file structure_14.txt (compact mmCIF, C-alpha atoms and all ligand atoms)
# COMPACT_ATOMS: atom_id res chain seq x y z
CA MET A 1 0.00 0.00 0.00
CA ASP A 2 1.33 3.46 -0.92
CA SER A 3 1.78 5.81 2.02
CA ARG A 4 -0.50 8.85 2.06
CA TYR A 5 2.41 11.25 1.56
CA SER A 6 3.78 9.37 -1.44
CA ARG A 7 0.30 9.37 -3.02
CA LEU A 8 0.11 13.14 -2.44
CA PHE A 9 3.44 13.77 -4.19
CA LYS A 10 2.37 11.68 -7.18
CA ILE A 11 -0.72 13.90 -7.50
CA LEU A 12 1.34 17.10 -6.95
CA ASN A 13 3.57 16.02 -9.84
CA GLY A 14 6.40 18.45 -9.04
CA LYS A 15 4.25 21.50 -8.15
CA VAL A 16 5.95 21.94 -4.74
CA GLU A 17 8.73 20.26 -2.74
CA ALA A 18 6.81 19.97 0.54
CA VAL A 19 3.40 20.64 2.05
CA VAL A 20 2.78 22.28 5.43
CA ILE A 21 -0.53 21.69 7.21
CA ALA A 22 -0.81 24.35 9.94
CA ASN A 23 -3.58 24.12 12.53
CA GLY A 24 -5.31 27.02 14.22
CA HIS A 25 -7.01 26.71 17.56
CA ASP A 26 -10.13 24.97 18.85
CA ASN A 27 -12.44 24.29 15.89
CA LEU A 28 -9.87 25.56 13.37
CA ILE A 29 -8.00 22.27 13.18
CA ASP A 30 -7.36 21.16 9.58
CA HIS A 31 -8.56 17.56 9.13
CA ASN A 32 -5.64 17.03 6.76
CA PHE A 33 -3.36 17.15 9.78
CA ARG A 34 -4.95 13.97 11.16
CA TYR A 35 -5.00 12.48 7.67
CA PHE A 36 -1.26 12.73 7.06
CA VAL A 37 -0.20 12.14 10.67
CA GLY A 38 -2.61 9.24 11.14
CA ALA A 39 -3.52 10.15 14.74
CA HIS A 40 -6.80 8.79 16.13
CA SER A 41 -6.62 10.89 19.30
CA GLY A 42 -5.12 14.20 20.45
CA ILE A 43 -6.23 17.78 19.79
CA PHE A 44 -3.17 19.37 18.08
CA GLU A 45 -4.13 23.03 18.45
CA GLY A 46 -1.54 25.30 16.83
CA SER A 47 0.45 22.29 15.58
CA ALA A 48 1.97 21.84 12.13
CA ALA A 49 2.75 18.84 9.92
CA LEU A 50 5.51 19.04 7.32
CA VAL A 51 4.78 16.51 4.59
CA SER A 52 7.56 15.73 2.13
CA LYS A 53 8.56 12.83 -0.12
CA ARG A 54 10.60 11.48 2.77
CA GLY A 55 7.73 11.34 5.25
CA VAL A 56 5.85 13.39 7.83
CA SER A 57 7.29 15.63 10.57
CA VAL A 58 5.09 16.98 13.34
CA PHE A 59 5.72 20.21 15.28
CA THR A 60 3.58 20.16 18.38
CA SER A 61 3.29 20.67 22.13
CA PRO A 62 4.53 18.03 24.62
CA LEU A 63 0.88 17.39 25.57
CA GLU A 64 0.29 15.60 22.24
CA ALA A 65 3.14 13.08 22.61
CA PRO A 66 0.81 10.20 23.73
CA ALA A 67 -1.37 10.66 20.63
CA LEU A 68 1.73 10.26 18.40
CA ALA A 69 3.06 7.08 20.05
CA GLY A 70 3.53 4.29 17.55
CA LEU A 71 2.91 6.49 14.48
CA ASP A 72 5.43 6.68 11.64
CA VAL A 73 6.23 10.41 12.08
CA ASN A 74 9.19 12.51 13.27
CA THR A 75 8.20 14.66 16.21
CA THR A 76 9.64 18.06 17.14
CA VAL A 77 8.36 19.42 20.44
CA VAL A 78 7.76 23.18 20.43
CA SER A 79 7.12 25.32 23.49
CA ASN A 80 5.40 28.40 21.98
CA SER A 81 4.76 30.13 18.67
CA SER A 82 8.18 31.80 18.37
CA ASP A 83 9.82 28.43 19.06
CA MET A 84 7.51 26.96 16.39
CA GLN A 85 8.64 29.66 13.95
CA SER A 86 12.37 29.07 14.49
CA LYS A 87 12.09 25.26 14.33
CA LEU A 88 9.93 25.44 11.20
CA ALA A 89 12.44 27.87 9.65
CA LYS A 90 15.22 25.33 10.14
CA ALA A 91 13.16 22.46 8.71
CA LEU A 92 11.98 24.50 5.70
CA SER A 93 15.39 25.95 4.81
CA ARG A 94 16.12 23.13 2.34
CA PHE A 95 13.03 23.94 0.21
CA ASP A 96 12.31 26.64 -2.39
CA THR A 97 8.58 25.93 -2.76
CA ILE A 98 5.95 24.65 -0.36
CA GLY A 99 2.20 24.05 -0.57
CA MET A 100 -0.46 24.84 2.01
CA ASN A 101 -4.17 24.11 2.31
CA PHE A 102 -5.61 27.61 1.94
CA PRO A 103 -9.33 26.86 2.61
CA ALA A 104 -8.63 25.58 6.16
CA LEU A 105 -5.75 27.94 6.96
CA THR A 106 -6.11 30.85 9.39
CA HIS A 107 -4.31 34.08 8.62
CA THR A 108 -2.34 33.74 11.86
CA SER A 109 -1.05 30.26 10.98
CA PHE A 110 -0.18 31.42 7.47
CA MET A 111 1.88 34.32 8.85
CA THR A 112 3.77 31.99 11.21
CA VAL A 113 4.84 29.87 8.23
CA LYS A 114 5.48 32.87 6.00
CA ARG A 115 7.86 34.41 8.55
CA ALA A 116 9.68 31.04 8.78
CA PHE A 117 10.09 30.51 5.02
CA ARG A 118 11.73 32.61 2.28
CA GLY A 119 10.48 30.64 -0.73
CA ARG A 120 7.15 30.59 -2.57
CA ILE A 121 3.93 29.26 -1.07
CA TYR A 122 1.23 27.74 -3.30
CA ASP A 123 -2.33 26.65 -2.56
CA CYS A 124 -2.37 22.85 -2.90
CA SER A 125 -5.92 22.31 -1.61
CA THR A 126 -7.15 20.71 -4.85
CA GLU A 127 -4.34 18.13 -4.89
CA ILE A 128 -4.84 17.40 -1.18
CA ALA A 129 -8.60 16.92 -1.71
CA LYS A 130 -7.88 14.52 -4.60
CA CYS A 131 -5.53 12.56 -2.36
CA ARG A 132 -8.11 12.41 0.42
CA ALA A 133 -10.93 11.34 -1.95
CA VAL A 134 -9.47 7.89 -2.59
CA LYS A 135 -9.42 5.99 0.68
CA ASP A 136 -6.81 3.39 1.62
CA GLU A 137 -7.88 0.07 3.09
CA ARG A 138 -7.32 1.22 6.69
CA GLU A 139 -9.62 4.17 6.12
CA ILE A 140 -12.25 1.96 4.48
CA ALA A 141 -12.10 -0.41 7.47
CA SER A 142 -12.72 2.51 9.86
CA ILE A 143 -15.58 3.93 7.75
CA SER A 144 -17.13 0.44 7.43
CA LYS A 145 -17.10 0.04 11.20
CA SER A 146 -18.62 3.50 11.62
CA CYS A 147 -21.34 2.56 9.10
CA ARG A 148 -22.12 -0.72 10.88
CA ILE A 149 -22.51 1.17 14.16
CA ALA A 150 -24.96 3.64 12.57
CA SER A 151 -26.88 0.74 11.00
CA ARG A 152 -27.36 -0.91 14.41
CA VAL A 153 -28.76 2.39 15.68
CA VAL A 154 -31.27 2.45 12.80
CA GLU A 155 -32.58 -0.92 13.97
CA ARG A 156 -33.18 0.51 17.46
CA ILE A 157 -35.19 3.55 16.30
CA PRO A 158 -38.63 1.83 16.16
CA GLU A 159 -38.41 1.08 19.89
CA MET A 160 -37.60 4.78 20.58
CA LEU A 161 -40.82 6.00 18.91
CA ALA A 162 -43.78 6.81 21.15
CA GLU A 163 -46.84 9.04 20.93
CA GLY A 164 -45.79 12.54 22.05
CA VAL A 165 -42.00 12.09 21.97
CA THR A 166 -40.36 15.31 20.71
CA GLU A 167 -37.96 15.62 17.80
CA ARG A 168 -35.26 16.83 20.20
CA LYS A 169 -35.76 13.89 22.55
CA LEU A 170 -35.50 11.42 19.67
CA SER A 171 -32.34 13.19 18.48
CA ALA A 172 -30.85 12.76 21.98
CA LEU A 173 -31.85 9.07 22.08
CA ILE A 174 -30.14 8.51 18.72
CA SER A 175 -26.96 10.24 19.98
CA LYS A 176 -26.93 8.05 23.08
CA ALA A 177 -27.50 4.91 21.00
CA LEU A 178 -24.49 5.85 18.82
CA TYR A 179 -22.26 5.88 21.92
CA ASP A 180 -23.86 2.63 23.18
CA GLU A 181 -23.11 0.87 19.89
CA GLY A 182 -19.41 1.85 19.93
CA SER A 183 -19.18 5.25 18.29
CA GLU A 184 -16.79 7.91 19.67
CA ALA A 185 -19.35 10.65 19.04
CA PRO A 186 -22.16 11.62 16.66
CA SER A 187 -20.59 12.84 13.40
CA PHE A 188 -23.08 15.78 13.53
CA PRO A 189 -26.16 16.59 15.66
CA PRO A 190 -28.79 14.08 14.47
CA ILE A 191 -31.53 15.54 12.27
CA VAL A 192 -34.99 14.37 13.32
CA SER A 193 -38.14 15.71 11.69
CA PHE A 194 -41.79 14.68 12.07
CA GLY A 195 -44.60 15.07 9.55
CA LYS A 196 -44.50 18.41 7.68
CA THR A 197 -40.99 19.27 8.91
CA SER A 198 -39.61 16.20 7.06
CA ALA A 199 -39.99 18.34 3.91
CA ILE A 200 -37.09 20.55 5.10
CA PRO A 201 -33.79 18.75 4.29
CA HIS A 202 -31.54 20.69 6.71
CA TYR A 203 -34.07 20.99 9.52
CA SER A 204 -32.94 21.32 13.16
CA PRO A 205 -35.04 19.23 15.56
CA GLY A 206 -37.45 21.19 17.77
CA ASP A 207 -40.27 20.64 20.24
CA LEU A 208 -42.79 19.06 17.83
CA ARG A 209 -44.44 15.95 19.27
CA LEU A 210 -44.91 12.72 17.35
CA ARG A 211 -48.41 11.72 16.27
CA LYS A 212 -49.77 8.59 14.57
CA GLY A 213 -49.44 8.50 10.80
CA GLN A 214 -46.50 10.94 10.56
CA PHE A 215 -43.26 10.50 8.70
CA VAL A 216 -40.23 10.25 11.01
CA LEU A 217 -37.09 11.32 9.12
CA THR A 218 -33.78 10.58 10.90
CA ASP A 219 -30.39 11.59 9.46
CA PHE A 220 -27.33 10.92 11.58
CA GLY A 221 -23.96 9.17 11.82
CA GLY A 222 -21.18 8.34 14.22
CA THR A 223 -17.41 8.28 14.13
CA TYR A 224 -14.98 5.40 14.56
CA ARG A 225 -11.25 6.23 14.70
CA ARG A 226 -12.46 9.70 13.68
CA TYR A 227 -14.03 8.38 10.45
CA CYS A 228 -17.65 9.35 9.85
CA SER A 229 -20.79 7.54 8.81
CA ASP A 230 -23.90 9.31 7.49
CA ILE A 231 -27.22 7.50 7.16
CA THR A 232 -30.83 8.54 6.67
CA ARG A 233 -33.94 6.48 7.22
CA THR A 234 -37.54 7.63 7.05
CA PHE A 235 -40.17 5.68 9.01
CA VAL A 236 -43.92 6.03 9.35
CA TYR A 237 -45.22 6.06 12.93
CA GLY A 238 -48.30 3.85 12.72
CA ARG A 239 -49.71 2.78 9.33
CA ALA A 240 -48.56 4.50 6.13
CA ASP A 241 -51.24 5.74 3.76
CA GLU A 242 -51.07 5.18 -0.01
CA ARG A 243 -49.43 8.53 -0.83
CA GLN A 244 -46.74 7.99 1.81
CA LYS A 245 -46.06 4.53 0.37
CA ARG A 246 -45.78 5.89 -3.18
CA LEU A 247 -43.43 8.68 -2.09
CA TYR A 248 -41.25 6.22 -0.17
CA GLN A 249 -41.13 3.69 -3.00
CA THR A 250 -40.19 6.39 -5.53
CA VAL A 251 -37.22 7.53 -3.43
CA LEU A 252 -36.14 3.94 -2.80
CA ASN A 253 -36.26 3.19 -6.54
CA ALA A 254 -34.20 6.34 -7.19
CA GLN A 255 -31.62 5.25 -4.65
CA LYS A 256 -31.37 1.77 -6.19
CA ALA A 257 -30.85 3.34 -9.63
CA GLY A 258 -28.12 5.62 -8.24
CA ILE A 259 -26.29 2.79 -6.48
CA SER A 260 -26.48 0.59 -9.62
CA ALA A 261 -24.85 3.36 -11.69
CA ILE A 262 -21.78 3.55 -9.42
CA ARG A 263 -18.54 1.94 -10.54
CA SER A 264 -15.00 3.18 -11.09
CA GLY A 265 -14.93 5.30 -14.24
CA ALA A 266 -18.60 6.38 -13.98
CA ARG A 267 -19.21 10.10 -14.42
CA GLU A 268 -20.41 11.68 -11.17
CA SER A 269 -23.12 13.71 -12.93
CA ALA A 270 -24.39 10.57 -14.69
CA VAL A 271 -24.87 8.78 -11.36
CA ASP A 272 -26.91 11.75 -10.10
CA ALA A 273 -28.95 11.73 -13.31
CA GLU A 274 -29.84 8.03 -13.03
CA ALA A 275 -31.41 8.61 -9.60
CA ARG A 276 -32.98 11.99 -10.47
CA LYS A 277 -34.80 10.71 -13.54
CA VAL A 278 -36.64 8.10 -11.44
CA ILE A 279 -38.15 10.85 -9.26
CA ASP A 280 -38.79 13.20 -12.19
CA ALA A 281 -40.61 10.49 -14.16
CA GLY A 282 -43.72 10.43 -11.98
CA GLU A 283 -46.10 12.36 -9.72
CA PHE A 284 -43.26 13.72 -7.53
CA LYS A 285 -41.39 15.39 -10.42
CA GLY A 286 -39.17 18.30 -9.28
CA SER A 287 -39.28 17.38 -5.58
CA PHE A 288 -35.65 16.16 -5.40
CA ILE A 289 -34.07 19.51 -4.53
CA HIS A 290 -30.48 18.67 -3.58
CA SER A 291 -27.59 16.68 -4.95
CA LEU A 292 -27.43 12.89 -4.76
CA GLY A 293 -24.35 12.51 -2.60
CA HIS A 294 -21.02 13.68 -1.21
CA GLY A 295 -17.67 12.25 -0.21
CA LEU A 296 -17.37 10.80 3.31
CA GLY A 297 -14.29 10.29 5.48
CA LEU A 298 -12.68 12.27 8.29
CA GLN A 299 -15.42 14.81 7.61
CA VAL A 300 -19.11 14.18 6.98
CA HIS A 301 -18.77 16.32 3.85
CA ASP A 302 -15.33 15.18 2.77
CA GLY A 303 -14.88 17.38 -0.29
CA LEU A 304 -14.67 14.90 -3.14
CA PRO A 305 -16.37 13.24 -4.88
CA THR A 306 -19.70 15.02 -5.33
CA LEU A 307 -22.67 13.42 -7.05
CA SER A 308 -24.63 16.34 -8.48
CA PRO A 309 -25.89 17.56 -11.86
CA SER A 310 -22.95 20.02 -12.04
CA SER A 311 -20.18 17.56 -11.01
CA SER A 312 -17.48 17.19 -13.65
CA GLY A 313 -15.40 14.34 -12.22
CA THR A 314 -15.41 10.57 -12.53
CA LEU A 315 -15.48 8.00 -9.75
CA ASP A 316 -12.36 6.05 -8.84
CA GLU A 317 -11.93 2.80 -6.97
CA GLY A 318 -11.66 3.44 -3.22
CA MET A 319 -13.78 6.59 -3.11
CA VAL A 320 -16.47 6.61 -0.43
CA VAL A 321 -19.66 8.47 -1.20
CA THR A 322 -23.20 8.86 0.15
CA VAL A 323 -26.22 8.07 -2.02
CA GLU A 324 -29.13 10.06 -0.62
CA PRO A 325 -32.03 10.92 -2.89
CA GLY A 326 -35.00 12.66 -1.30
CA ALA A 327 -38.42 13.93 -2.32
CA TYR A 328 -39.92 16.88 -0.43
CA ILE A 329 -43.46 18.18 -0.60
CA SER A 330 -43.90 21.47 1.20
CA GLY A 331 -46.70 21.38 3.78
CA TYR A 332 -46.95 17.59 3.56
CA GLY A 333 -43.63 15.91 4.28
CA GLY A 334 -40.59 14.32 2.75
CA VAL A 335 -38.64 11.11 2.42
CA ARG A 336 -34.87 10.71 2.21
CA ILE A 337 -32.97 7.42 2.15
CA GLU A 338 -29.20 7.61 2.53
CA ASP A 339 -26.53 4.94 2.42
CA ASP A 340 -22.73 5.05 2.28
CA VAL A 341 -20.89 3.09 -0.41
CA VAL A 342 -17.33 2.42 -1.44
CA VAL A 343 -16.60 2.53 -5.18
CA ARG A 344 -15.15 -0.68 -6.57
CA LYS A 345 -14.25 -1.65 -10.14
CA SER A 346 -17.39 -3.68 -10.66
CA GLY A 347 -19.78 -1.47 -8.71
CA ALA A 348 -20.77 0.00 -5.36
CA ARG A 349 -20.30 -1.91 -2.13
CA VAL A 350 -22.86 -0.66 0.39
CA LEU A 351 -21.32 -0.14 3.84
CA THR A 352 -24.51 0.76 5.75
CA ASP A 353 -26.36 -2.53 6.14
CA ALA A 354 -29.59 -1.34 7.84
CA PRO A 355 -32.89 -2.38 6.21
CA ARG A 356 -34.08 0.00 3.49
CA GLU A 357 -37.71 -1.03 2.95
CA LEU A 358 -40.39 1.19 4.53
CA ILE A 359 -40.80 0.45 8.23
CA GLU A 360 -44.19 1.19 9.77
CA CYS A 361 -43.92 1.15 13.54
MN MN B 1 -25.26 13.05 3.87

call {"tool": "encode", "arguments": {"input": "structure_14.txt", "output": "structure tokens"}}
result
Amino acid sequence: MDSRYSRLFKILNGKVEAVVIANGHDNLIDHNFRYFVGAHSGIFEGSAALVSKRGVSVFTSPLEAPALAGLDVNTTVVSNSSDMQSKLAKALSRFDTIGMNFPALTHTSFMTVKRAFRGRIYDCSTEIAKCRAVKDEREIASISKSCRIASRVVERIPEMLAEGVTERKLSALISKALYDEGSEAPSFPPIVSFGKTSAIPHYSPGDLRLRKGQFVLTDFGGTYRRYCSDITRTFVYGRADERQKRLYQTVLNAQKAGISAIRSGARESAVDAEARKVIDAGEFKGSFIHSLGHGLGLQVHDGLPTLSPSSSGTLDEGMVVTVEPGAYISGYGGVRIEDDVVVRKSGARVLTDAPRELIEC
């Protein structure tokens, strides 16, 4: 298996001699730091990773030493930001060009590196995103485990449903179940929507209470070794009526068409189109108002690939992507069904193994 840094330099194809990933503080940590360093724990505020063809060097505080134990990285302990600047300056003195990841870089971190380096700095975010998009087998194992955990939680949702339970309460129960089943944390606050609110794709759960005959849309995921899962299931509390069944079956058919279109070499926009045309062929035409899917990895929205009408890329073996068609009818309700798949030569392998048929409960 190629190391992550050697894959990156193949993609960079001579653009720069090294890449520096520089973290800010708190929630301004660049996920690429964890990606190249391989750490499953630690916080790494204000830390930097120097990635070159020879390997990965980490500049960090002594507090992070336990998180680096056993990893294949060189570690330089720094005591403060001026110490960081002088130690980076020494390490960077052999290079004329470096790359950074501009979209996740704070101005402060950029200035620290700029003061430590006399050469030219290029934005290498596109190349880094391409590197991240194709997962290695260790990453796929972590995502698979994360997906299995989320799938077990799906199976527990029917027993959480009761007349009068609020969306917020159900969201909390799902979060707890993720921890119970072995997740480190929810990958994002679970979306739960009842009845009419299920027609709002990015809804935040509120104080609505569940009543018989309503849609129950749940969209959530966990993390395992920091790798995310992302799954959506829509239930009906009580018995579904005919319109609810037709809406559900249409979205399920669209999802099956999308999954069947996935294989290495498939155009991303063509996969989206296969699913979209199923919904647009019938009574729910025009109700699929977002893209079909997104990359999944260390982040829930992992950059590449994207499955949308405007995507211009093609799928490669080892990419992990969500397939999540939905149909939304304002004032009535909506259905979304989301699974996570890994792209293989011959097709998609579905990693979320929860049942997909309509569950009335
Ligand atoms: Mn998603």

call {"tool": "residues_around", "arguments": {"input": "structure_14.txt", "residues": "Asp26 (chain A)", "least_positions_apart": "3", "cutoff": "9 Å", "atoms": "all atoms listed in the file", "output": "PyMOL selection string"}}
result
chain A and resi 29+43-46

call {"tool": "closest_residue", "arguments": {"input": "structure_14.txt", "among": "A:Ala199, A:Val113, A:Ala133, A:Ala104", "to": "Leu304 (chain A)", "atoms": "all atoms listed in the file"}}
result
A:Ala133

call {"tool": "residues_near_ligand", "arguments": {"input": "structure_14.txt", "ligand": "ligand MN 1 (chain B)", "cutoff": "10 Å", "atoms": "only C-alpha atoms and all ligand atoms", "output": "ChimeraX atom specification"}}
result
/A:219-221,229-232,291-296,300-301,321-325,337-340

call {"tool": "atom_distance", "arguments": {"input": "structure_14.txt", "atom1": "CA of Ser175 (chain A)", "atom2": "CA of Gly326 (chain A)"}}
result
22.9 Å

call {"tool": "axis_aligned_box", "arguments": {"input": "structure_14.txt", "around": "region 320-329 of chain A", "padding_each_side": "8 Å", "output": "lines of an AutoDock Vina configuration file"}}
result
center_x = -30.0
center_y = 12.4
center_z = -1.4
size_x = 43.0
size_y = 27.6
size_z = 19.0

call {"tool": "closest_residue", "arguments": {"input": "structure_14.txt", "among": "A:Thr97, A:Ser311, A:Thr75, A:Ser109", "to": "Ala22 (chain A)", "atoms": "all atoms listed in the file"}}
result
A:Ser109

call {"tool": "residues_around", "arguments": {"input": "structure_14.txt", "residues": "Pro309 (chain A)", "least_positions_apart": "3", "cutoff": "8 Å", "atoms": "only C-alpha atoms", "output": "compact mmCIF listing (two decimals) with C-alpha atoms, keeping the file's coordinate frame"}}
result
# COMPACT_ATOMS: atom_id res chain seq x y z
CA SER A 269 -23.12 13.71 -12.93
CA ALA A 270 -24.39 10.57 -14.69
CA ASP A 272 -26.91 11.75 -10.10
CA ALA A 273 -28.95 11.73 -13.31
CA SER A 291 -27.59 16.68 -4.95

call {"tool": "residues_around", "arguments": {"input": "structure_14.txt", "residues": "Lys145 (chain A)", "least_positions_apart": "2", "cutoff": "10 Å", "atoms": "only C-alpha atoms", "output": "list in words"}}
result
Glu139, Ile140, Ala141, Ser142, Ile143, Cys147, Arg148, Ile149, Ala150, Ser151, Gly182, Ser183, Gly222, Thr223, Tyr224, Arg225, Tyr227, Cys228, Ser229, Leu351 and Thr352 of chain A

call {"tool": "residues_near_point", "arguments": {"input": "structure_14.txt", "point": "(-40.8, 19.4, -3.3)", "cutoff": "8 Å", "atoms": "all atoms listed in the file", "output": "PyMOL selection string"}}
result
chain A and resi 199+284+286-289+327-330+334

call {"tool": "residues_around", "arguments": {"input": "structure_14.txt", "residues": "Lys87 (chain A)", "least_positions_apart": "3", "cutoff": "10 Å", "atoms": "all atoms listed in the file", "output": "compact mmCIF listing (two decimals) with C-alpha atoms, keeping the file's coordinate frame"}}
result
# COMPACT_ATOMS: atom_id res chain seq x y z
CA PHE A 59 5.72 20.21 15.28
CA THR A 76 9.64 18.06 17.14
CA VAL A 77 8.36 19.42 20.44
CA VAL A 78 7.76 23.18 20.43
CA SER A 81 4.76 30.13 18.67
CA SER A 82 8.18 31.80 18.37
CA ASP A 83 9.82 28.43 19.06
CA MET A 84 7.51 26.96 16.39
CA LYS A 90 15.22 25.33 10.14
CA ALA A 91 13.16 22.46 8.71
CA LEU A 92 11.98 24.50 5.70
CA ALA A 116 9.68 31.04 8.78

call {"tool": "atom_distance", "arguments": {"input": "structure_14.txt", "atom1": "CA of Cys361 (chain A)", "atom2": "CA of Val216 (chain A)"}}
result
10.1 Å

call {"tool": "residues_around", "arguments": {"input": "structure_14.txt", "residues": "region 203-210 of chain A", "least_positions_apart": "3", "cutoff": "7 Å", "atoms": "only C-alpha atoms", "output": "JSON, numbers by chain"}}
result
{"A": [163, 164, 165, 166, 167, 168, 191, 192, 193, 194, 200]}

call {"tool": "closest_residue", "arguments": {"input": "structure_14.txt", "among": "A:Leu315, A:Ile98, A:Leu88, A:Ile21", "to": "Tyr35 (chain A)", "atoms": "only C-alpha atoms"}}
result
A:Ile21

call {"tool": "atom_distance", "arguments": {"input": "structure_14.txt", "atom1": "CA of Asp136 (chain A)", "atom2": "CA of Gly347 (chain A)"}}
result
17.3 Å

call {"tool": "closest_residue", "arguments": {"input": "structure_14.txt", "among": "A:Met111, A:Ala348, A:Leu105, A:Ala177", "to": "Ala257 (chain A)", "atoms": "all atoms listed in the file"}}
result
A:Ala348

call {"tool": "closest_residue", "arguments": {"input": "structure_14.txt", "among": "A:Arg267, A:Lys169, A:Thr250, A:Ser79", "to": "Asp280 (chain A)", "atoms": "only C-alpha atoms"}}
result
A:Thr250

call {"tool": "closest_residue", "arguments": {"input": "structure_14.txt", "among": "A:His25, A:Lys245, A:Lys285, A:Lys114", "to": "Glu360 (chain A)", "atoms": "all atoms listed in the file"}}
result
A:Lys245

call {"tool": "residues_near_point", "arguments": {"input": "structure_14.txt", "point": "(2.5, 24.7, 0.5)", "cutoff": "8 Å", "atoms": "only C-alpha atoms", "output": "MDAnalysis selection string"}}
result
chainID A and resid 16 18:21 97:101 121:124
